Amino acid sequence: MGLKIVILAAGKGTRMRSKQPKVLQPLAMKPLLGHVIDTSVSLKPEQIIAVVGYAADSVKQVFGDTSLVWCMQAEQLGTGHAVQQAQAFINADDQVLILYGDVPLISRKTLIKLLSLVDELSPLSLLTIKLNNPTGYGRIVRDVQGKVGQIVEQKDANDQQLTIQEVNTGIMAVQGHQLLGWLAHLSNDNAQAEYYLTDIIAKAVADGYQVKTCSPSDEIEVLGVNNKAQLQDLERQYQYQQACLLMEQGATLIDARRVDIRGQVEIGQDVEIDVNVVFEGQVKLADGVKIGANCILKDVEIAQGAHIKPFSHLEQTKVGAACQVGPYARLRPGTELADQVHIGNFVEVKKSRIAQGSKVNHLSYIGDTQMGAGVNIGAGTITCNYDGVNKHQTIIGDRVFVGSDTQLVAPVTIEDDATIGAGSTITKTAPQGELTLSRAKQLTIKGWHKPVKKS
């Protein structure tokens with residue numbers, strides 16, 4: 001028996017007030033549908049079938065590099081009608097899991113539990129949850145023995161049924177043979193004139209089967225998104241959940257509600273994270289790393305004991321042990337810092353390798369540079385790496401001292417132990433162990449007068 005996963009993702013999401021379809025709205029910088037796909041892939045199904053409709057080409061383009069099978073629902077005539085579009089890919093001996101592209105945080109653990117309930121006597125299992133405010137959801141109607149009898153949608157429910165707090169999440173697992181039979185007999189005789197997938201529950205009961213149910217461990221798993229307010233609320237809940245996971249792993253967060261994780265964060269012991277930090281992509285923080293307030297880290301690796309000070313922005317960067325970065329520093333893609341490197345305030349480093357113990361502490365730009373160990377770069381230094389067409393490299397040896405307000409015009413080499421005098425523009429190799437400088441002769445113009453403002 002193979003597992004087929006059907007993801008319903010055809011809706012427009014009119015209440016989003018967006019040109020993008022609902023399933024492409026971002027949660028933690030990933031489309032809602034992307035979260036569902038990732039969880040589906042983790043179950044290792046034979047096939048994932050996505051039913052699309054509104055802006056189908058846009059959805060396909062975003063997920064074009066996946067192995068999804070696409071089905072078109074040209075008219076949105078209900079959830080049952082949507083699953084009918086996927087019938088051609090469902091075999092009688094399949095086990096089918098039905099998910100929703102706008103319910104992004106369903107967990108693998110919950111889905112495994114739901115799938116485990118399906119057997120020959122119970123070919124359909126349903127994920128339900130009890131809500132304090134069930135308005136808008138289909139109600140789970142049970143008989144006196146507590147067995148599921150049917151699902152009644154909000155608009156079709158009577159006053160007594162509207163008091164029921166157990167609701168349908170829409171997520172279900174079902175045997176392929178029975179699903180195909182029940183889909184063939186769906187009717188749209190209801191208040192919405194739609195083909196409800198939930199009607200197969202009553203059909204299963206009528207055929208003598210017991211419908212088993214289970215619930216998620218957290219309500220967040222089954223929260224759907226219909227408008228921007230709900231999207232924002234789910235974002236904040238999700239971010240707090242992610243922050244709590246970091247704290248469970250030992251991280252110290254100054255305020256768990258003011259950290260955003262928009263990717264994957266791997267941490268060591270005794271990591272400290274201040275407020276308003278944003279993590280994107282793949283981030284690795286080793287033991288004892290400290291991240292100051294208002295930093296953005298995207299696809300970075302930071303080694304043991306490094307300190308990233310406030311308002312620093314790091315992207316596609318490796319930072320060595322015991323480094324000091326910031327405040328207000330920017331490390332751009334391709335930057336690698338060895339151990340004990342200091343990058344100070346208002347310093348930008350791009351596509352450069354800086355060896356152990358070197359310091360660039362103030363107001364400098366280092367680009368396309370290979371820098372040795374024990375180097376000191378004075379304030380206001382610039383590696384002039386761009387000639388207007390091509391980029392060129394600067395080579396700086398070990399123990400070099402570069403005075404303030406210096407321009408190193410690439411391609412250029414500063415050899416080991418060289419000293420560059422402040423205010424120099426260096427265009428040729430600076431030899432090892434020597435003082436190199438370039439300055440115009442200092443003049444004092446006697447009798448010069450300051451300009452006077454004209455009336």
# chains A, B, ... in the order shown; residues from 1 in each chain; ligands from 1
$ closest_atom_pairs --of "stretch 120-211 of chain A" --to "stretch 106-113 of chain A" --cutoff "10 Å" --atoms "only C-alpha atoms" --output "CSV"
residue,atom,partner,partner_atom,distance
A:Ser125,CA,A:Lys113,CA,9.8
A:Leu127,CA,A:Leu111,CA,8.7
A:Ile171,CA,A:Leu111,CA,8.9
A:Met172,CA,A:Leu111,CA,8.9
A:Ala173,CA,A:Leu111,CA,8.7
$ select_by_dssp --residues "stretch 115-169 of chain A" --states "strand (DSSP E)" --output "list in words"
Leu124, Ser125, Leu126, Leu127, Thr128, Ile129, Lys130, Arg139, Ile140, Val141, Arg142, Val148, Gly149, Gln150, Ile151, Val152, Glu166, Val167, Asn168 and Thr169 of chain A
$ closest_residue --among "A:Val341, A:Ala28, A:Leu186, A:Val349" --to "A:Phe279" --atoms "only C-alpha atoms"
A:Ala28
$ residues_around --residues "A:Thr198" --least-positions-apart "4" --cutoff "9 Å" --atoms "only C-alpha atoms" --output "count of residues only"
10
$ residues_around --residues "A:Gly378" --least-positions-apart "6" --cutoff "7 Å" --atoms "only C-alpha atoms" --output "ChimeraX atom specification"
/A:360,402-404
$ write_last_selection --atoms "N, CA, C and O atoms" --output "PDB file, in the first residue's frame"
ATOM      1  N   VAL A 360      39.944  45.254  11.925  1.00  0.00           N
ATOM      2  CA  VAL A 360      39.460  46.341  11.074  1.00  0.00           C
ATOM      3  C   VAL A 360      38.376  47.033  11.917  1.00  0.00           C
ATOM      4  O   VAL A 360      37.213  46.667  11.876  1.00  0.00           O
ATOM      5  N   VAL A 402      48.217  49.386   8.473  1.00  0.00           N
ATOM      6  CA  VAL A 402      47.741  50.341   7.482  1.00  0.00           C
ATOM      7  C   VAL A 402      47.208  51.558   8.224  1.00  0.00           C
ATOM      8  O   VAL A 402      46.271  51.455   9.023  1.00  0.00           O
ATOM      9  N   GLY A 403      47.782  52.723   7.948  1.00  0.00           N
ATOM     10  CA  GLY A 403      47.355  53.946   8.613  1.00  0.00           C
ATOM     11  C   GLY A 403      45.981  54.395   8.155  1.00  0.00           C
ATOM     12  O   GLY A 403      45.454  53.960   7.116  1.00  0.00           O
ATOM     13  N   SER A 404      45.394  55.298   8.903  1.00  0.00           N
ATOM     14  CA  SER A 404      44.032  55.761   8.633  1.00  0.00           C
ATOM     15  C   SER A 404      43.925  56.474   7.293  1.00  0.00           C
ATOM     16  O   SER A 404      44.898  57.033   6.781  1.00  0.00           O
TER      17      SER A 404
END
$ atom_distance --atom1 "atom CA of A:Gln178" --atom2 "atom CA of A:Pro123"
7.3 Å
$ residues_around --residues "A:Gly78" --least-positions-apart "3" --cutoff "9 Å" --atoms "only C-alpha atoms" --output "count of residues only"
11
$ select_by_dssp --residues "stretch 216-396 of chain A" --states "helix (DSSP H, G or I)" --output "CSV table (one decimal) with N, CA and C atoms, in the first residue's frame"
chain,number,residue,atom,x,y,z
A,219,GLU,N,-3.0,23.6,19.0
A,219,GLU,CA,-4.0,24.2,18.1
A,219,GLU,C,-3.3,24.8,16.9
A,220,ILE,N,-2.1,25.3,17.1
A,220,ILE,CA,-1.4,26.0,16.0
A,220,ILE,C,-1.3,25.1,14.7
A,221,GLU,N,-1.2,23.8,14.9
A,221,GLU,CA,-1.1,22.9,13.8
A,221,GLU,C,-2.2,22.9,12.8
A,222,VAL,N,-3.4,23.3,13.3
A,222,VAL,CA,-4.5,23.2,12.4
A,222,VAL,C,-5.2,24.6,12.1
A,228,LYS,N,-5.0,38.8,6.2
A,228,LYS,CA,-3.7,39.3,6.6
A,228,LYS,C,-3.6,39.3,8.2
A,229,ALA,N,-4.7,39.6,8.8
A,229,ALA,CA,-4.7,39.6,10.3
A,229,ALA,C,-4.4,38.2,10.8
A,230,GLN,N,-5.1,37.2,10.3
A,230,GLN,CA,-4.8,35.8,10.7
A,230,GLN,C,-3.4,35.4,10.3
A,231,LEU,N,-2.9,35.8,9.2
A,231,LEU,CA,-1.5,35.5,8.8
A,231,LEU,C,-0.5,36.1,9.8
A,232,GLN,N,-0.7,37.3,10.2
A,232,GLN,CA,0.2,38.0,11.2
A,232,GLN,C,0.1,37.3,12.5
A,233,ASP,N,-1.1,36.9,12.9
A,233,ASP,CA,-1.3,36.2,14.2
A,233,ASP,C,-0.6,34.8,14.2
A,234,LEU,N,-0.7,34.1,13.1
A,234,LEU,CA,-0.1,32.8,13.0
A,234,LEU,C,1.4,33.0,12.9
A,235,GLU,N,1.9,34.0,12.3
A,235,GLU,CA,3.4,34.3,12.2
A,235,GLU,C,3.9,34.5,13.7
A,236,ARG,N,3.2,35.3,14.5
A,236,ARG,CA,3.7,35.6,15.8
A,236,ARG,C,3.6,34.3,16.7
A,237,GLN,N,2.6,33.5,16.5
A,237,GLN,CA,2.5,32.2,17.3
A,237,GLN,C,3.6,31.3,16.9
A,238,TYR,N,3.9,31.2,15.5
A,238,TYR,CA,4.9,30.3,15.0
A,238,TYR,C,6.3,30.8,15.5
A,239,GLN,N,6.5,32.1,15.5
A,239,GLN,CA,7.8,32.6,15.9
A,239,GLN,C,8.1,32.3,17.4
A,240,TYR,N,7.0,32.5,18.2
A,240,TYR,CA,7.2,32.2,19.6
A,240,TYR,C,7.4,30.7,19.9
A,241,GLN,N,6.8,29.9,19.1
A,241,GLN,CA,7.0,28.4,19.2
A,241,GLN,C,8.4,28.1,18.8
A,242,GLN,N,9.0,28.7,17.8
A,242,GLN,CA,10.4,28.5,17.4
A,242,GLN,C,11.3,29.0,18.5
A,243,ALA,N,11.0,30.1,19.0
A,243,ALA,CA,11.9,30.7,20.1
A,243,ALA,C,11.9,29.7,21.3
A,244,CYS,N,10.7,29.2,21.6
A,244,CYS,CA,10.7,28.2,22.8
A,244,CYS,C,11.5,27.0,22.5
A,245,LEU,N,11.5,26.5,21.3
A,245,LEU,CA,12.3,25.4,20.9
A,245,LEU,C,13.8,25.7,21.2
A,246,LEU,N,14.2,26.9,20.8
A,246,LEU,CA,15.6,27.3,21.1
A,246,LEU,C,15.9,27.3,22.6
A,247,MET,N,15.0,27.8,23.4
A,247,MET,CA,15.2,27.8,24.8
A,247,MET,C,15.3,26.4,25.4
A,248,GLU,N,14.5,25.5,24.8
A,248,GLU,CA,14.5,24.1,25.3
A,248,GLU,C,15.9,23.5,25.0
A,256,ALA,N,11.6,36.2,24.2
A,256,ALA,CA,11.3,35.2,23.2
A,256,ALA,C,10.3,35.7,22.2
A,257,ARG,N,9.5,36.7,22.5
A,257,ARG,CA,8.6,37.2,21.6
A,257,ARG,C,9.1,38.3,20.6
A,258,ARG,N,10.4,38.5,20.7
A,258,ARG,CA,11.1,39.5,19.8
A,258,ARG,C,12.3,38.9,19.2
$ decode --residues "stretch 337-350 of chain A" --atoms "all heavy atoms" --output "short mmCIF file (atom, residue, chain, number, x, y, z; two decimals), in the first residue's frame"
data_model
loop_
_atom_site.label_atom_id
_atom_site.label_comp_id
_atom_site.auth_asym_id
_atom_site.auth_seq_id
_atom_site.Cartn_x
_atom_site.Cartn_y
_atom_site.Cartn_z
N LEU A 337 36.06 34.91 8.45
CA LEU A 337 36.91 35.44 9.50
C LEU A 337 37.53 34.28 10.28
O LEU A 337 36.81 33.40 10.73
CB LEU A 337 36.12 36.32 10.46
CG LEU A 337 35.26 37.45 9.86
CD1 LEU A 337 34.61 38.25 10.98
CD2 LEU A 337 36.07 38.35 8.94
N ALA A 338 38.85 34.29 10.44
CA ALA A 338 39.50 33.29 11.28
C ALA A 338 39.27 33.67 12.75
O ALA A 338 38.55 34.61 13.07
CB ALA A 338 40.99 33.23 10.95
N ASP A 339 39.89 32.94 13.66
CA ASP A 339 39.69 33.18 15.08
C ASP A 339 40.22 34.55 15.51
O ASP A 339 41.22 35.05 14.97
CB ASP A 339 40.38 32.10 15.90
CG ASP A 339 39.83 30.71 15.62
OD1 ASP A 339 38.75 30.63 15.01
OD2 ASP A 339 40.48 29.71 16.00
N GLN A 340 39.55 35.14 16.49
CA GLN A 340 39.98 36.36 17.18
C GLN A 340 40.12 37.57 16.26
O GLN A 340 40.89 38.49 16.54
CB GLN A 340 41.32 36.11 17.91
CG GLN A 340 41.20 35.00 18.95
CD GLN A 340 42.53 34.67 19.60
OE1 GLN A 340 43.58 34.80 18.97
NE2 GLN A 340 42.48 34.22 20.84
N VAL A 341 39.35 37.60 15.21
CA VAL A 341 39.33 38.77 14.33
C VAL A 341 38.37 39.81 14.91
O VAL A 341 37.32 39.46 15.46
CB VAL A 341 38.90 38.37 12.91
CG1 VAL A 341 38.60 39.60 12.04
CG2 VAL A 341 39.97 37.51 12.27
N HIS A 342 38.72 41.08 14.78
CA HIS A 342 37.86 42.17 15.21
C HIS A 342 37.38 42.97 13.99
O HIS A 342 38.21 43.46 13.21
CB HIS A 342 38.62 43.13 16.15
CG HIS A 342 38.88 42.56 17.51
ND1 HIS A 342 39.26 43.33 18.58
CD2 HIS A 342 38.82 41.29 17.98
CE1 HIS A 342 39.43 42.56 19.65
NE2 HIS A 342 39.17 41.32 19.30
N ILE A 343 36.08 43.06 13.84
CA ILE A 343 35.46 43.91 12.81
C ILE A 343 34.61 44.93 13.55
O ILE A 343 33.65 44.56 14.22
CB ILE A 343 34.59 43.09 11.84
CG1 ILE A 343 35.43 41.99 11.17
CG2 ILE A 343 33.94 44.00 10.81
CD1 ILE A 343 36.52 42.49 10.26
N GLY A 344 34.95 46.21 13.43
CA GLY A 344 34.33 47.21 14.28
C GLY A 344 33.15 47.92 13.67
O GLY A 344 32.55 47.47 12.69
N ASN A 345 32.83 49.07 14.24
CA ASN A 345 31.63 49.80 13.86
C ASN A 345 31.76 50.42 12.46
O ASN A 345 32.79 50.95 12.09
CB ASN A 345 31.29 50.88 14.89
CG ASN A 345 32.48 51.76 15.22
OD1 ASN A 345 33.39 51.33 15.93
ND2 ASN A 345 32.48 52.98 14.72
N PHE A 346 30.69 50.31 11.72
CA PHE A 346 30.59 50.86 10.36
C PHE A 346 31.71 50.33 9.45
O PHE A 346 32.28 51.07 8.65
CB PHE A 346 30.57 52.39 10.40
CG PHE A 346 29.45 52.93 11.22
CD1 PHE A 346 29.66 53.42 12.49
CD2 PHE A 346 28.14 52.89 10.73
CE1 PHE A 346 28.62 53.88 13.27
CE2 PHE A 346 27.08 53.36 11.51
CZ PHE A 346 27.32 53.85 12.78
N VAL A 347 31.99 49.05 9.58
CA VAL A 347 32.94 48.36 8.70
C VAL A 347 32.15 47.40 7.83
O VAL A 347 31.29 46.66 8.31
CB VAL A 347 34.01 47.59 9.50
CG1 VAL A 347 34.86 46.72 8.57
CG2 VAL A 347 34.89 48.58 10.27
N GLU A 348 32.45 47.41 6.52
CA GLU A 348 31.82 46.49 5.58
C GLU A 348 32.90 45.59 4.99
O GLU A 348 33.95 46.08 4.55
CB GLU A 348 31.12 47.27 4.46
CG GLU A 348 30.47 46.38 3.41
CD GLU A 348 29.76 47.20 2.33
OE1 GLU A 348 29.65 48.42 2.49
OE2 GLU A 348 29.34 46.59 1.33
N VAL A 349 32.63 44.28 5.00
CA VAL A 349 33.58 43.31 4.45
C VAL A 349 32.83 42.46 3.44
O VAL A 349 31.75 41.94 3.72
CB VAL A 349 34.19 42.41 5.53
CG1 VAL A 349 35.25 41.49 4.93
CG2 VAL A 349 34.81 43.25 6.65
N LYS A 350 33.42 42.31 2.26
CA LYS A 350 32.76 41.55 1.19
C LYS A 350 33.76 40.60 0.53
O LYS A 350 34.86 41.00 0.16
CB LYS A 350 32.17 42.52 0.15
CG LYS A 350 31.65 41.87 -1.12
CD LYS A 350 32.58 42.17 -2.29
CE LYS A 350 32.11 41.48 -3.56
NZ LYS A 350 33.10 41.64 -4.65
#
